[in-house]
file run24.txt (compact mmCIF, C-alpha atoms and all ligand atoms)
# COMPACT_ATOMS: atom_id res chain seq x y z
CA MET A 1 -30.03 12.92 0.70
CA ILE A 2 -26.59 12.67 2.32
CA PRO A 3 -24.22 12.57 -0.69
CA ARG A 4 -21.65 9.81 -1.03
CA GLY A 5 -18.60 12.01 -1.13
CA GLN A 6 -17.10 15.14 -2.51
CA ILE A 7 -14.36 16.09 -4.93
CA ASP A 8 -11.47 17.13 -2.69
CA ILE A 9 -10.82 20.61 -4.07
CA GLY A 10 -12.34 23.96 -3.11
CA TRP A 11 -13.96 26.56 -5.34
CA THR A 12 -10.98 28.90 -4.93
CA ASP A 13 -8.65 26.36 -6.50
CA LEU A 14 -11.15 25.59 -9.24
CA VAL A 15 -11.18 29.27 -10.14
CA ARG A 16 -7.39 29.32 -9.90
CA ALA A 17 -7.21 26.31 -12.24
CA THR A 18 -9.28 28.24 -14.76
CA LEU A 19 -6.95 31.24 -14.55
CA LEU A 20 -3.86 29.05 -14.84
CA ALA A 21 -5.32 27.47 -17.96
CA VAL A 22 -5.06 30.81 -19.77
CA ASP A 23 -1.60 31.61 -18.37
CA PRO A 24 0.87 31.16 -21.24
CA ARG A 25 3.82 29.83 -19.21
CA SER A 26 5.49 26.60 -20.28
CA ALA A 27 4.94 23.17 -18.81
CA SER A 28 8.63 22.23 -18.57
CA ARG A 29 9.61 24.78 -15.92
CA ALA A 30 6.50 24.01 -13.88
CA ALA A 31 7.35 20.30 -14.10
CA ALA A 32 10.94 20.90 -12.93
CA ARG A 33 9.73 22.97 -9.97
CA LEU A 34 7.15 20.39 -8.95
CA GLU A 35 9.60 17.50 -9.30
CA HIS A 36 12.17 19.36 -7.22
CA PHE A 37 9.55 19.94 -4.55
CA TRP A 38 8.64 16.24 -4.48
CA ASP A 39 12.23 15.05 -4.49
CA PRO A 40 15.14 17.51 -4.36
CA ASP A 41 17.54 14.72 -5.39
CA GLY A 42 16.22 14.54 -8.93
CA ARG A 43 14.38 11.25 -8.61
CA ALA A 44 10.80 12.51 -9.15
CA VAL A 45 8.86 12.66 -12.40
CA ALA A 46 5.54 14.49 -12.73
CA THR A 47 3.10 12.75 -15.09
CA LEU A 48 -0.42 13.23 -16.36
CA SER A 49 -1.60 10.42 -14.09
CA VAL A 50 -0.32 7.35 -12.29
CA ARG A 51 -1.52 5.28 -15.24
CA SER A 52 0.53 7.44 -17.62
CA GLY A 53 3.49 6.97 -15.29
CA LEU A 54 3.14 3.20 -15.16
CA ASP A 55 2.95 3.08 -18.94
CA LEU A 56 6.16 5.14 -19.21
CA VAL A 57 7.94 2.95 -16.67
CA LEU A 58 7.00 -0.20 -18.55
CA ARG A 59 8.07 1.28 -21.86
CA VAL A 60 11.47 2.14 -20.40
CA LEU A 61 11.84 -1.24 -18.73
CA ASP A 62 10.91 -3.16 -21.85
CA LEU A 63 10.53 -6.49 -20.01
CA PRO A 64 10.46 -9.65 -22.13
CA PRO A 65 6.94 -10.46 -23.40
CA GLY A 66 5.12 -12.89 -21.14
CA SER A 67 7.02 -11.84 -17.99
CA ARG A 68 4.97 -12.37 -14.88
CA VAL A 69 4.15 -9.42 -12.67
CA LEU A 70 2.85 -10.21 -9.21
CA VAL A 71 0.04 -7.77 -8.43
CA SER A 72 -1.66 -7.27 -5.07
CA ALA A 73 -5.10 -8.69 -5.84
CA ILE A 74 -7.15 -5.49 -5.54
CA THR A 75 -6.41 -2.47 -7.68
CA ILE A 76 -8.05 -0.44 -10.42
CA ARG A 77 -8.77 -2.17 -13.68
CA ASP A 78 -6.69 0.17 -15.84
CA MET A 79 -3.45 -0.73 -14.03
CA VAL A 80 -3.98 -4.35 -15.03
CA THR A 81 -4.96 -3.37 -18.58
CA ILE A 82 -1.71 -1.41 -18.91
CA LEU A 83 0.33 -4.44 -17.82
CA GLU A 84 -1.51 -6.55 -20.39
CA GLU A 85 -0.99 -3.96 -23.12
CA HIS A 86 2.73 -4.40 -22.49
CA ASP A 87 2.38 -8.16 -22.98
CA LEU A 88 2.99 -8.84 -19.31
CA GLU A 89 1.10 -11.41 -17.30
CA PRO A 90 -0.52 -10.01 -14.16
CA VAL A 91 -0.63 -12.62 -11.39
CA PRO A 92 -2.97 -11.71 -8.52
CA VAL A 93 -1.59 -12.12 -5.02
CA ASP A 94 -4.21 -12.45 -2.30
CA LEU A 95 -4.49 -9.98 0.57
CA ASP A 96 -4.97 -10.20 4.28
CA MET A 97 -8.13 -8.08 4.23
CA ASP A 98 -7.93 -7.22 7.93
CA ARG A 99 -4.50 -5.72 7.58
CA LEU A 100 -4.70 -4.84 3.86
CA GLU A 101 -1.30 -6.45 3.39
CA VAL A 102 -0.08 -8.79 0.68
CA ASP A 103 -0.17 -12.42 1.77
CA GLY A 104 3.42 -13.65 2.20
CA ASP A 105 2.62 -17.32 1.56
CA ALA A 106 0.87 -16.48 -1.71
CA LEU A 107 3.83 -14.34 -2.77
CA ARG A 108 6.26 -17.18 -2.16
CA GLY A 109 3.92 -19.67 -3.85
CA LEU A 110 3.45 -17.61 -6.99
CA VAL A 111 6.93 -16.34 -7.76
CA THR A 112 8.63 -18.15 -10.65
CA PRO A 113 11.86 -17.65 -12.57
CA GLY A 114 9.82 -15.78 -15.20
CA THR A 115 8.57 -13.26 -12.63
CA ARG A 116 10.10 -9.83 -13.09
CA ALA A 117 8.16 -7.37 -10.96
CA LEU A 118 5.90 -6.91 -7.96
CA LEU A 119 3.20 -4.20 -8.02
CA VAL A 120 1.44 -3.47 -4.75
CA ALA A 121 -1.36 -0.99 -4.06
CA HIS A 122 -2.03 0.49 -0.65
CA LEU A 123 -5.82 0.45 -0.29
CA PHE A 124 -8.53 2.79 1.03
CA GLY A 125 -6.02 5.18 2.64
CA SER A 126 -4.11 2.50 4.52
CA ARG A 127 -0.42 1.81 4.04
CA MET A 128 1.01 -1.67 4.35
CA PRO A 129 4.54 -2.19 5.69
CA MET A 130 6.92 -2.34 2.74
CA GLU A 131 9.96 -3.93 4.43
CA PRO A 132 8.93 -7.57 3.90
CA LEU A 133 8.17 -6.78 0.25
CA VAL A 134 11.49 -4.99 -0.23
CA GLU A 135 13.23 -8.04 1.14
CA PHE A 136 11.20 -10.42 -1.01
CA ALA A 137 11.83 -8.38 -4.14
CA ARG A 138 15.55 -8.29 -3.44
CA GLU A 139 15.67 -12.01 -2.81
CA HIS A 140 13.95 -12.81 -6.12
CA ASP A 141 15.45 -9.98 -8.13
CA LEU A 142 12.08 -8.32 -8.79
CA LEU A 143 11.34 -4.71 -9.52
CA LEU A 144 9.20 -3.30 -6.76
CA LEU A 145 6.45 -0.89 -7.86
CA GLU A 146 4.53 0.82 -5.06
CA ASP A 147 1.08 2.24 -5.89
CA CYS A 148 0.34 4.99 -3.37
CA ALA A 149 -2.59 6.44 -5.34
CA GLN A 150 -4.93 6.06 -2.36
CA ALA A 151 -2.37 6.76 0.33
CA TYR A 152 -1.52 10.47 0.12
CA ASP A 153 -1.77 11.96 3.59
CA GLY A 154 0.34 15.10 3.29
CA ASN A 155 2.75 13.88 5.93
CA GLY A 156 5.80 13.69 3.72
CA TYR A 157 5.72 10.03 2.70
CA ARG A 158 7.06 9.81 -0.84
CA GLY A 159 7.20 6.03 -1.02
CA HIS A 160 9.49 3.48 0.56
CA PRO A 161 13.12 4.44 -0.12
CA GLU A 162 13.88 0.91 -1.37
CA ALA A 163 10.91 0.64 -3.76
CA ASP A 164 12.04 1.04 -7.36
CA VAL A 165 9.11 3.33 -8.13
CA SER A 166 6.51 4.86 -5.79
CA MET A 167 3.50 6.44 -7.48
CA PHE A 168 1.08 9.02 -6.08
CA SER A 169 -2.10 10.13 -7.85
CA PHE A 170 -3.89 13.48 -7.72
CA GLY A 171 -6.72 12.44 -10.04
CA PRO A 172 -10.27 13.79 -9.52
CA ILE A 173 -11.38 11.35 -6.84
CA LYS A 174 -8.15 11.39 -4.86
CA THR A 175 -7.09 13.27 -1.74
CA ASN A 176 -5.95 16.85 -2.46
CA THR A 177 -6.74 16.46 -6.14
CA ALA A 178 -5.48 18.72 -8.91
CA LEU A 179 -8.03 17.04 -11.24
CA GLY A 180 -5.17 14.97 -12.56
CA GLY A 181 -1.49 14.48 -12.12
CA GLY A 182 0.79 11.74 -10.92
CA LEU A 183 4.08 11.96 -9.04
CA LEU A 184 6.53 9.12 -9.37
CA ARG A 185 9.65 8.78 -7.30
CA PHE A 186 12.39 6.42 -8.41
CA ARG A 187 15.04 4.75 -6.30
CA ASP A 188 17.59 5.23 -9.06
CA PRO A 189 17.93 8.78 -10.43
CA ARG A 190 19.02 7.33 -13.79
CA ALA A 191 15.66 5.59 -14.14
CA ALA A 192 13.94 8.91 -13.42
CA ARG A 193 16.00 10.56 -16.15
CA ARG A 194 15.12 7.87 -18.70
CA VAL A 195 11.40 8.12 -17.92
CA ARG A 196 11.59 11.92 -18.10
CA ALA A 197 13.34 11.71 -21.47
CA LEU A 198 10.73 9.34 -22.87
CA GLN A 199 7.94 11.51 -21.50
CA SER A 200 9.39 14.56 -23.25
CA THR A 201 8.53 12.91 -26.58
CA LEU A 202 4.82 12.87 -25.72
CA PRO A 203 2.38 15.62 -26.73
CA VAL A 204 1.40 17.98 -23.91
CA GLN A 205 -2.17 17.83 -22.59
CA THR A 206 -3.87 20.84 -24.19
CA ARG A 207 -5.18 23.72 -22.12
CA PRO A 208 -8.72 23.32 -23.52
CA ALA A 209 -8.58 19.66 -22.45
CA TYR A 210 -7.57 20.69 -18.94
CA LEU A 211 -10.22 23.42 -18.86
CA ALA A 212 -12.86 20.91 -19.90
CA ARG A 213 -11.84 18.75 -16.95
CA VAL A 214 -12.08 21.70 -14.59
CA ALA A 215 -15.57 22.47 -15.90
CA LYS A 216 -16.70 18.87 -15.62
CA TYR A 217 -15.51 18.37 -12.07
CA ALA A 218 -16.77 21.76 -10.98
CA ALA A 219 -20.18 20.58 -12.20
CA ILE A 220 -19.85 17.28 -10.35
CA ARG A 221 -18.67 19.12 -7.24
CA GLY A 222 -21.80 21.27 -7.42
CA LEU A 223 -23.96 18.20 -7.92
CA LEU A 224 -22.47 16.57 -4.83
CA ALA A 225 -23.52 19.47 -2.62
CA ARG A 226 -26.34 18.23 -0.45
CA ALA A 227 -29.27 20.26 -1.81
CA ALA A 228 -28.32 19.65 -5.42
CA PHE A 229 -27.67 15.98 -4.79
CA THR A 230 -31.05 15.53 -3.15
CA LEU A 231 -32.72 17.03 -6.22
CA PHE A 232 -30.56 14.97 -8.55
CA ALA A 233 -31.37 11.71 -6.79
CA ALA A 234 -35.08 12.57 -6.75
CA ALA A 235 -35.00 13.44 -10.45
CA CYS A 236 -33.32 10.12 -11.26
CA ARG A 237 -35.97 8.30 -9.24
CA ALA A 238 -38.76 10.15 -11.04
CA LEU A 239 -37.23 9.18 -14.37
CA GLY A 240 -36.84 5.59 -13.29
CA ARG A 241 -33.05 5.72 -13.46
CA SER A 242 -30.55 4.72 -10.82
CA HIS A 243 -28.59 7.75 -9.65
CA ASP A 244 -25.71 5.39 -8.86
CA ARG A 245 -25.60 4.29 -12.49
CA VAL A 246 -25.92 7.82 -13.85
CA LEU A 247 -22.95 8.95 -11.73
CA ALA A 248 -20.95 5.89 -12.73
CA ASP A 249 -21.48 6.65 -16.39
CA ALA A 250 -20.56 10.31 -15.87
CA VAL A 251 -17.12 9.57 -14.47
CA ARG A 252 -16.33 6.41 -16.37
CA GLY A 253 -12.74 6.18 -17.60
CA PHE A 254 -11.50 5.29 -21.03
CA GLY A 255 -12.44 2.07 -22.74
CA ARG A 256 -9.71 -0.49 -23.08
CA SER A 257 -8.98 0.34 -26.72
CA SER A 258 -8.62 4.07 -26.09
CA LEU A 259 -6.71 3.85 -22.81
CA LEU A 260 -3.12 4.11 -24.03
CA PRO A 261 -3.65 6.94 -26.51
CA ALA A 262 -5.56 8.85 -23.83
CA ILE A 263 -2.89 8.52 -21.13
CA ARG A 264 0.14 9.08 -23.38
CA ARG A 265 0.31 12.81 -22.73
CA ARG A 266 2.49 15.12 -20.68
CA PRO A 267 0.76 17.18 -18.00
CA SER A 268 -0.09 20.74 -19.00
CA TYR A 269 1.18 23.91 -17.31
CA PRO A 270 -2.08 24.58 -15.44
CA LEU A 271 -2.18 21.04 -14.07
CA LEU A 272 1.43 21.18 -12.86
CA ALA A 273 1.10 24.67 -11.40
CA LEU A 274 -2.12 23.80 -9.60
CA LEU A 275 -0.67 20.56 -8.25
CA HIS A 276 2.38 22.42 -6.90
CA ARG A 277 0.10 24.87 -5.16
CA ARG A 278 -2.15 22.11 -3.77
CA LEU A 279 0.84 20.24 -2.35
CA THR A 280 2.58 23.22 -0.80
CA GLY A 281 -0.69 24.48 0.67
CA PHE A 282 -1.92 21.15 2.07
CA ARG A 283 -2.69 21.06 5.77
CA PRO A 284 -2.12 17.60 7.28
CA ALA A 285 -4.61 18.58 10.00
CA ARG A 286 -7.26 17.84 7.39
CA ILE A 287 -6.22 14.20 7.52
CA THR A 288 -6.43 14.17 11.31
CA ALA A 289 -9.99 15.47 11.05
CA ARG A 290 -10.77 12.90 8.36
CA VAL A 291 -9.55 10.02 10.51
CA ARG A 292 -11.63 11.29 13.41
CA LEU A 293 -14.75 11.45 11.22
CA ALA A 294 -14.12 7.97 9.81
CA ASN A 295 -13.87 6.61 13.31
CA ARG A 296 -17.13 8.30 14.26
CA ILE A 297 -18.86 6.83 11.20
CA LEU A 298 -17.52 3.36 11.87
CA GLY A 299 -18.42 3.82 15.53
CA VAL A 300 -22.14 4.09 14.76
CA ASP A 301 -22.29 0.30 14.76
CA PRO A 302 -19.80 -1.58 16.91
CA GLY A 303 -20.59 -4.78 15.01
CA ILE A 304 -19.52 -3.33 11.66
CA SER A 305 -17.21 -5.56 9.68
CA ARG A 306 -14.71 -3.79 7.45
CA PRO A 307 -11.53 -4.29 5.46
CA GLY A 308 -8.46 -2.77 7.08
CA ARG A 309 -9.77 -3.30 10.60
CA ARG A 310 -6.25 -4.10 11.72
CA ALA A 311 -4.24 -2.04 9.22
CA ARG A 312 -1.07 -0.67 10.84
CA ARG A 313 -1.47 2.79 9.33
CA HIS A 314 -4.72 4.19 8.06
CA SER A 315 -5.67 7.67 6.89
CA HIS A 316 -9.18 6.62 5.73
CA TRP A 317 -9.49 7.88 2.18
CA VAL A 318 -12.84 6.09 1.89
CA VAL A 319 -14.96 4.17 4.40
CA PRO A 320 -15.76 0.69 3.10
CA ILE A 321 -17.70 -1.84 5.14
CA LEU A 322 -18.42 -5.52 4.50
CA VAL A 323 -22.00 -6.75 4.40
CA PRO A 324 -23.50 -10.05 3.26
CA ASP A 325 -25.83 -8.42 0.75
CA PRO A 326 -24.36 -5.12 -0.49
CA ASP A 327 -27.01 -4.31 -3.12
CA ARG A 328 -29.76 -4.62 -0.55
CA VAL A 329 -27.86 -2.52 1.99
CA CYS A 330 -27.29 0.21 -0.62
CA ARG A 331 -30.98 0.25 -1.47
CA ALA A 332 -31.93 0.35 2.21
CA LEU A 333 -29.59 3.28 2.82
CA TRP A 334 -30.81 5.10 -0.28
CA SER A 335 -34.40 4.84 0.86
CA ALA A 336 -33.32 6.29 4.21
CA GLY A 337 -31.85 9.29 2.40
CA ILE A 338 -28.26 8.15 2.71
CA ASP A 339 -26.13 7.65 -0.34
CA ALA A 340 -23.87 4.62 -0.31
CA THR A 341 -22.30 2.86 -3.25
CA ARG A 342 -20.47 -0.31 -4.20
CA GLY A 343 -18.27 1.36 -6.77
CA ALA A 344 -16.69 4.39 -5.08
CA SER A 345 -13.05 3.66 -5.62
CA SER A 346 -13.12 1.90 -9.02
CA LEU A 347 -11.33 -0.99 -7.35
CA PHE A 348 -11.72 -4.55 -8.53
CA ALA A 349 -10.26 -7.91 -7.63
CA LEU A 350 -8.01 -9.34 -10.34
CA PRO A 351 -9.51 -12.32 -12.14
CA PRO A 352 -8.18 -15.57 -10.70
CA ARG A 353 -6.04 -17.71 -12.97
CA GLY A 354 -6.88 -21.38 -13.15
CA THR A 355 -3.22 -22.28 -12.81
CA ASP A 356 -2.60 -20.73 -9.42
CA GLY A 357 -3.91 -23.68 -7.44
CA PRO A 358 -3.89 -23.00 -3.73
CA HIS A 359 -3.01 -19.33 -4.19
CA LEU A 360 -6.17 -17.98 -5.81
CA PRO A 361 -7.11 -14.46 -4.59
CA VAL A 362 -10.06 -15.81 -2.64
CA ARG A 363 -10.14 -13.32 0.19
CA ALA A 364 -9.82 -10.32 -2.12
CA HIS A 365 -12.78 -11.52 -4.20
CA ALA A 366 -14.92 -12.33 -1.20
CA ALA A 367 -14.28 -8.86 0.22
CA MET A 368 -14.96 -6.98 -3.01
CA ARG A 369 -18.25 -8.81 -3.40
CA ARG A 370 -19.35 -7.64 0.04
CA THR A 371 -18.04 -4.08 0.02
CA VAL A 372 -20.25 -1.02 0.44
CA TYR A 373 -18.76 2.46 0.75
CA LEU A 374 -20.46 4.61 3.33
CA PRO A 375 -20.90 8.31 2.58
CA PHE A 376 -17.80 10.19 3.65
CA HIS A 377 -17.04 13.91 3.44
CA PRO A 378 -16.53 16.76 5.88
CA GLY A 379 -20.19 17.81 5.56
CA ILE A 380 -21.36 14.82 7.62
CA GLY A 381 -22.63 15.95 11.01
CA ARG A 382 -23.92 14.43 14.22
CA ARG A 383 -27.51 14.12 13.00
CA ASP A 384 -26.34 12.34 9.87
CA LEU A 385 -24.54 9.82 12.06
CA ASP A 386 -27.75 9.16 13.98
CA ARG A 387 -29.58 8.59 10.71
CA LEU A 388 -26.84 6.30 9.47
CA ARG A 389 -26.92 4.30 12.70
CA ALA A 390 -30.68 3.81 12.45
CA ALA A 391 -30.56 2.91 8.75
CA LEU A 392 -27.76 0.37 9.21
CA ALA A 393 -29.55 -1.22 12.14
CA LYS A 394 -32.76 -1.45 10.10
CA ALA A 395 -30.95 -2.93 7.10
CA ALA A 396 -29.35 -5.53 9.37
CA ARG A 397 -32.76 -6.58 10.70
CA GLU A 398 -34.40 -7.00 7.32
CA PRO A 399 -34.21 -10.46 5.77
CA SER A 400 -31.92 -10.95 2.82
CA ALA A 401 -33.55 -10.40 -0.58
CA SER A 402 -34.25 -13.61 -2.48
CA GLY A 403 -31.54 -14.73 -4.82
CA ALA A 404 -28.93 -12.33 -3.48
CA ASN A 405 -26.10 -14.44 -2.19
CA PRO A 406 -28.35 -16.92 -0.36
CA ASP A 407 -25.49 -18.59 1.50
CA GLY A 408 -24.46 -15.34 3.11
CA GLY A 409 -21.16 -14.97 1.27
CA LYS A 410 -19.73 -18.34 2.27
CA ARG A 411 -19.65 -19.44 -1.34
CA ALA A 412 -16.93 -16.86 -1.85
CA ALA A 413 -14.56 -18.94 0.19
CA SER A 414 -14.51 -21.67 -2.42
CA ASP A 415 -15.30 -19.81 -5.61
CA PRO A 416 -13.36 -16.68 -6.34
CA SER A 417 -14.46 -16.46 -9.95
CA LEU A 418 -17.64 -14.74 -11.07
CA PRO A 419 -16.09 -11.39 -11.94
CA GLY A 420 -19.53 -10.41 -13.27
CA THR A 421 -20.79 -10.07 -9.71
CA GLN A 422 -18.35 -7.29 -8.96
CA PRO A 423 -19.63 -3.75 -8.80
CA ARG A 424 -19.08 -1.49 -11.75
CA PRO A 425 -16.62 1.31 -11.09
CA ALA A 426 -18.44 4.49 -10.16
CA GLY A 427 -15.64 6.92 -9.65
CA ILE A 428 -16.93 9.16 -6.92
CA PRO A 429 -15.66 8.62 -3.39
C1 LIG B 501 -6.66 6.13 -8.69
C2 LIG B 501 -5.79 4.95 -8.70
C3 LIG B 501 -4.86 4.75 -9.73
C4 LIG B 501 -4.78 5.61 -10.95
O1 LIG B 501 -4.42 6.91 -10.73
P1 LIG B 501 -4.51 7.93 -11.96
O2 LIG B 501 -3.61 9.04 -11.51
O3 LIG B 501 -5.92 8.32 -12.12
O4 LIG B 501 -3.99 7.21 -13.15
C5 LIG B 501 -4.04 3.66 -9.64
N1 LIG B 501 -4.11 2.80 -8.61
C6 LIG B 501 -4.99 2.95 -7.62
C7 LIG B 501 -5.01 1.96 -6.50
C8 LIG B 501 -5.87 4.03 -7.63
O5 LIG B 501 -6.75 4.18 -6.64
call {"tool": "encode", "arguments": {"input": "run24.txt", "output": "structure tokens"}}
result
Amino acid sequence: MIPRGQIDIGWTDLVRATLLAVDPRSASRAAARLEHFWDPDGRAVATLSVRSGLDLVLRVLDLPPGSRVLVSAITIRDMVTILEEHDLEPVPVDLDMDRLEVDGDALRGLVTPGTRALLVAHLFGSRMPMEPLVEFAREHDLLLLEDCAQAYDGNGYRGHPEADVSMFSFGPIKTNTALGGGLLRFRDPRAARRVRALQSTLPVQTRPAYLARVAKYAAIRGLLARAAFTLFAAACRALGRSHDRVLADAVRGFGRSSLLPAIRRRPSYPLLALLHRRLTGFRPARITARVRLANRILGVDPGISRPGRRARRHSHWVVPILVPDPDRVCRALWSAGIDATRGASSLFALPPRGTDGPHLPVRAHAAMRRTVYLPFHPGIGRRDLDRLRAALAKAAREPSASGANPDGGKRAASDPSLPGTQPRPAGIP
């Protein structure tokens, strides 16, 4: 079976992480060094994760309860949960799915005097132009929060200079992961200092906790090697379980009630030291190779429909495609020995709010309902591409399964609700 993806860290760094976990040095100096590397002007803060960082930012901001936050309509669930935990009201803003840019008309239609912030996420490895958003935020006196968790490409982008906060993630499924870690850069160095001061009151992630992560993701990394994955998928089949579900359960995040306590930690020394090493050692040529491979995968079928087709910049973190009947396509690919999944990135479309009239996030919902992530990792070779081409062509010829979206996805255009039809997050790219 061709596995869906791979954790983006080598065995050498996993061993190094283990050694760092028993190194007694302190987290504070490692944090200062990493922050100076990310931004020599003192505007960076290293956090346990992007979610931890967002929580800190919101605690420092202390916006009035009920403030509206415009949110680009597709992001990970936890980001929305964190806004809600701070008594803020997330308002989804629809996306142009071809360009993966926030829809300007929706933005203008949804902003109110009670709106205080705009949170936008660059998706799938693309990066939307920030200038129009900077201008919009300035015009309406909004804080601009830029989520770059999926957009790291090693080419020196640290966020738009006019965004109030730009957040990068090095969590387990992200590019150049350190099995955790977030880097936030602030426009205003005073804001960075306040967030740093608040963070210093949090307990430090323990070394055993970090070691347990290293062990867990080393195991998953081993499982995602082709031979092991083939056995794993076969074993799941023999036991009558879905391997997709088993993997989803293995990497599931925290439940809503335990989210804040779990993310309110400072990063440990081994995490910070490993992240510093990962960042200084990163070769951007890896991204060039990744883009080339993505283009080869997408090239197997010229008729392929996909989000981000016309994105201005794209480093292809994952390779999503749009199909009318994603469950059927996944099953067809699985039976051809190709792993594909609906849940790779943990993304979801924000629930629509009845009050948003003509500005419901219709396109975001329609796209998420049709998204399948193709397998994507450096181990994919020419023969795999041939297999993928054949399997996609076969899946396209087969008639749609009964009951599965009988109107071919058109319903989505008028009904963006039905959050229950969205895929469950499954963590692995
Ligand atoms: C991964 C991700 C996050 C969360 O990053 P963590 O560092 O794991 O908290 C936030 N937003 C998006 C869009 C992501 O993909």
call {"tool": "residues_around", "arguments": {"input": "run24.txt", "residues": "segment 260-263 of chain A", "least_positions_apart": "2", "cutoff": "6 Å", "atoms": "only C-alpha atoms", "output": "count of residues only"}}
result
3
call {"tool": "closest_residue", "arguments": {"input": "run24.txt", "among": "A:Ala391, A:Glu135, A:Gly354, A:Asp141", "to": "Thr112 of chain A", "atoms": "all atoms listed in the file"}}
result
A:Asp141
call {"tool": "atom_distance", "arguments": {"input": "run24.txt", "atom1": "atom CA of Leu259 of chain A", "atom2": "atom CA of Ala191 of chain A"}}
result
24.1 Å
call {"tool": "closest_residue", "arguments": {"input": "run24.txt", "among": "A:Val69, A:Leu63, A:Leu110, A:Met79", "to": "ligand LIG 501 (chain B)", "atoms": "only C-alpha atoms and all ligand atoms"}}
result
A:Met79
call {"tool": "atom_distance", "arguments": {"input": "run24.txt", "atom1": "atom CA of Ala21 of chain A", "atom2": "atom CA of Leu271 of chain A"}}
result
8.1 Å
call {"tool": "atom_distance", "arguments": {"input": "run24.txt", "atom1": "atom CA of Asp325 of chain A", "atom2": "atom CA of Leu388 of chain A"}}
result
17.1 Å
call {"tool": "closest_atom_pairs", "arguments": {"input": "run24.txt", "of": "chain A", "to": "ligand LIG 501 (chain B)", "cutoff": "7 Å", "atoms": "all atoms listed in the file", "output": "CSV"}}
result
residue,atom,partner,partner_atom,distance
A:Ser49,CA,B:LIG501,O2,3.5
A:Val50,CA,B:LIG501,O4,3.8
A:Arg51,CA,B:LIG501,O4,3.8
A:Ser52,CA,B:LIG501,O4,6.4
A:Thr75,CA,B:LIG501,C7,4.8
A:Ile76,CA,B:LIG501,C6,5.4
A:Met79,CA,B:LIG501,C5,6.2
A:Ala121,CA,B:LIG501,C7,5.3
A:His122,CA,B:LIG501,C7,6.7
A:Leu123,CA,B:LIG501,C7,6.4
A:Asp147,CA,B:LIG501,N1,5.9
A:Cys148,CA,B:LIG501,C7,6.9
A:Ala149,CA,B:LIG501,C8,4.7
A:Gln150,CA,B:LIG501,O5,5.0
A:Ser169,CA,B:LIG501,O2,4.1
A:Phe170,CA,B:LIG501,O2,5.8
A:Gly171,CA,B:LIG501,O3,4.7
A:Lys174,CA,B:LIG501,C1,6.7
A:Gly180,CA,B:LIG501,O2,6.2
A:Gly181,CA,B:LIG501,O2,5.9
A:Gly182,CA,B:LIG501,O2,5.2
A:Ser345,CA,B:LIG501,O5,6.4
A:Leu347,CA,B:LIG501,O5,6.9
call {"tool": "residues_near_point", "arguments": {"input": "run24.txt", "point": "(0.5, 2.4, 7.0)", "cutoff": "9 Å", "atoms": "all atoms listed in the file", "output": "mmCIF file with C-alpha atoms, in the frame of the given file"}}
result
data_model
loop_
_atom_site.group_PDB
_atom_site.id
_atom_site.type_symbol
_atom_site.label_atom_id
_atom_site.label_comp_id
_atom_site.auth_asym_id
_atom_site.auth_seq_id
_atom_site.Cartn_x
_atom_site.Cartn_y
_atom_site.Cartn_z
ATOM 1 C CA HIS A 122 -2.030 0.490 -0.650
ATOM 2 C CA GLY A 125 -6.020 5.180 2.640
ATOM 3 C CA SER A 126 -4.110 2.500 4.520
ATOM 4 C CA ARG A 127 -0.420 1.810 4.040
ATOM 5 C CA MET A 128 1.010 -1.670 4.350
ATOM 6 C CA PRO A 129 4.540 -2.190 5.690
ATOM 7 C CA ALA A 151 -2.370 6.760 0.330
ATOM 8 C CA ALA A 311 -4.240 -2.040 9.220
ATOM 9 C CA ARG A 312 -1.070 -0.670 10.840
ATOM 10 C CA ARG A 313 -1.470 2.790 9.330
ATOM 11 C CA HIS A 314 -4.720 4.190 8.060
ATOM 12 C CA SER A 315 -5.670 7.670 6.890
#
call {"tool": "residues_around", "arguments": {"input": "run24.txt", "residues": "Arg277 of chain A", "least_positions_apart": "3", "cutoff": "10 Å", "atoms": "only C-alpha atoms", "output": "MDAnalysis selection string"}}
result
chainID A and resid 13 16 34 178 271:274 280:282
call {"tool": "closest_residue", "arguments": {"input": "run24.txt", "among": "A:Leu14, A:Arg193, A:Arg226, A:Gly156", "to": "Phe37 of chain A", "atoms": "all atoms listed in the file"}}
result
A:Gly156
call {"tool": "closest_residue", "arguments": {"input": "run24.txt", "among": "A:Gly308, A:Gly381, A:Leu118, A:Asp39", "to": "Pro161 of chain A", "atoms": "all atoms listed in the file"}}
result
A:Asp39
call {"tool": "axis_aligned_box", "arguments": {"input": "run24.txt", "around": "segment 297-306 of chain A", "padding_each_side": "3 Å", "output": "JSON"}}
result
{"center_x": -18.5, "center_y": 0.6, "center_z": 12.2, "size_x": 13.6, "size_y": 18.4, "size_z": 15.5}
call {"tool": "residues_near_point", "arguments": {"input": "run24.txt", "point": "(-20.1, 4.2, 12.3)", "cutoff": "12 Å", "atoms": "all atoms listed in the file", "output": "NGL selection string"}}
result
:A and (292-306 or 319-321 or 373-376 or 380 or 382 or 384-393)
call {"tool": "closest_residue", "arguments": {"input": "run24.txt", "among": "A:Asp94, A:Asp8, A:Glu35, A:Asp103", "to": "Tyr217 of chain A", "atoms": "all atoms listed in the file"}}
result
A:Asp8
call {"tool": "closest_atom_pairs", "arguments": {"input": "run24.txt", "of": "segment 264-320 of chain A", "to": "segment 53-59 of chain A", "cutoff": "12 Å", "atoms": "all atoms listed in the file", "output": "tab-separated table"}}
result
residue	atom	partner	partner_atom	distance
A:Arg264	CA	A:Asp55	CA	8.0
A:Arg265	CA	A:Gly53	CA	10.0
A:Arg266	CA	A:Gly53	CA	9.8
A:Pro267	CA	A:Gly53	CA	10.9
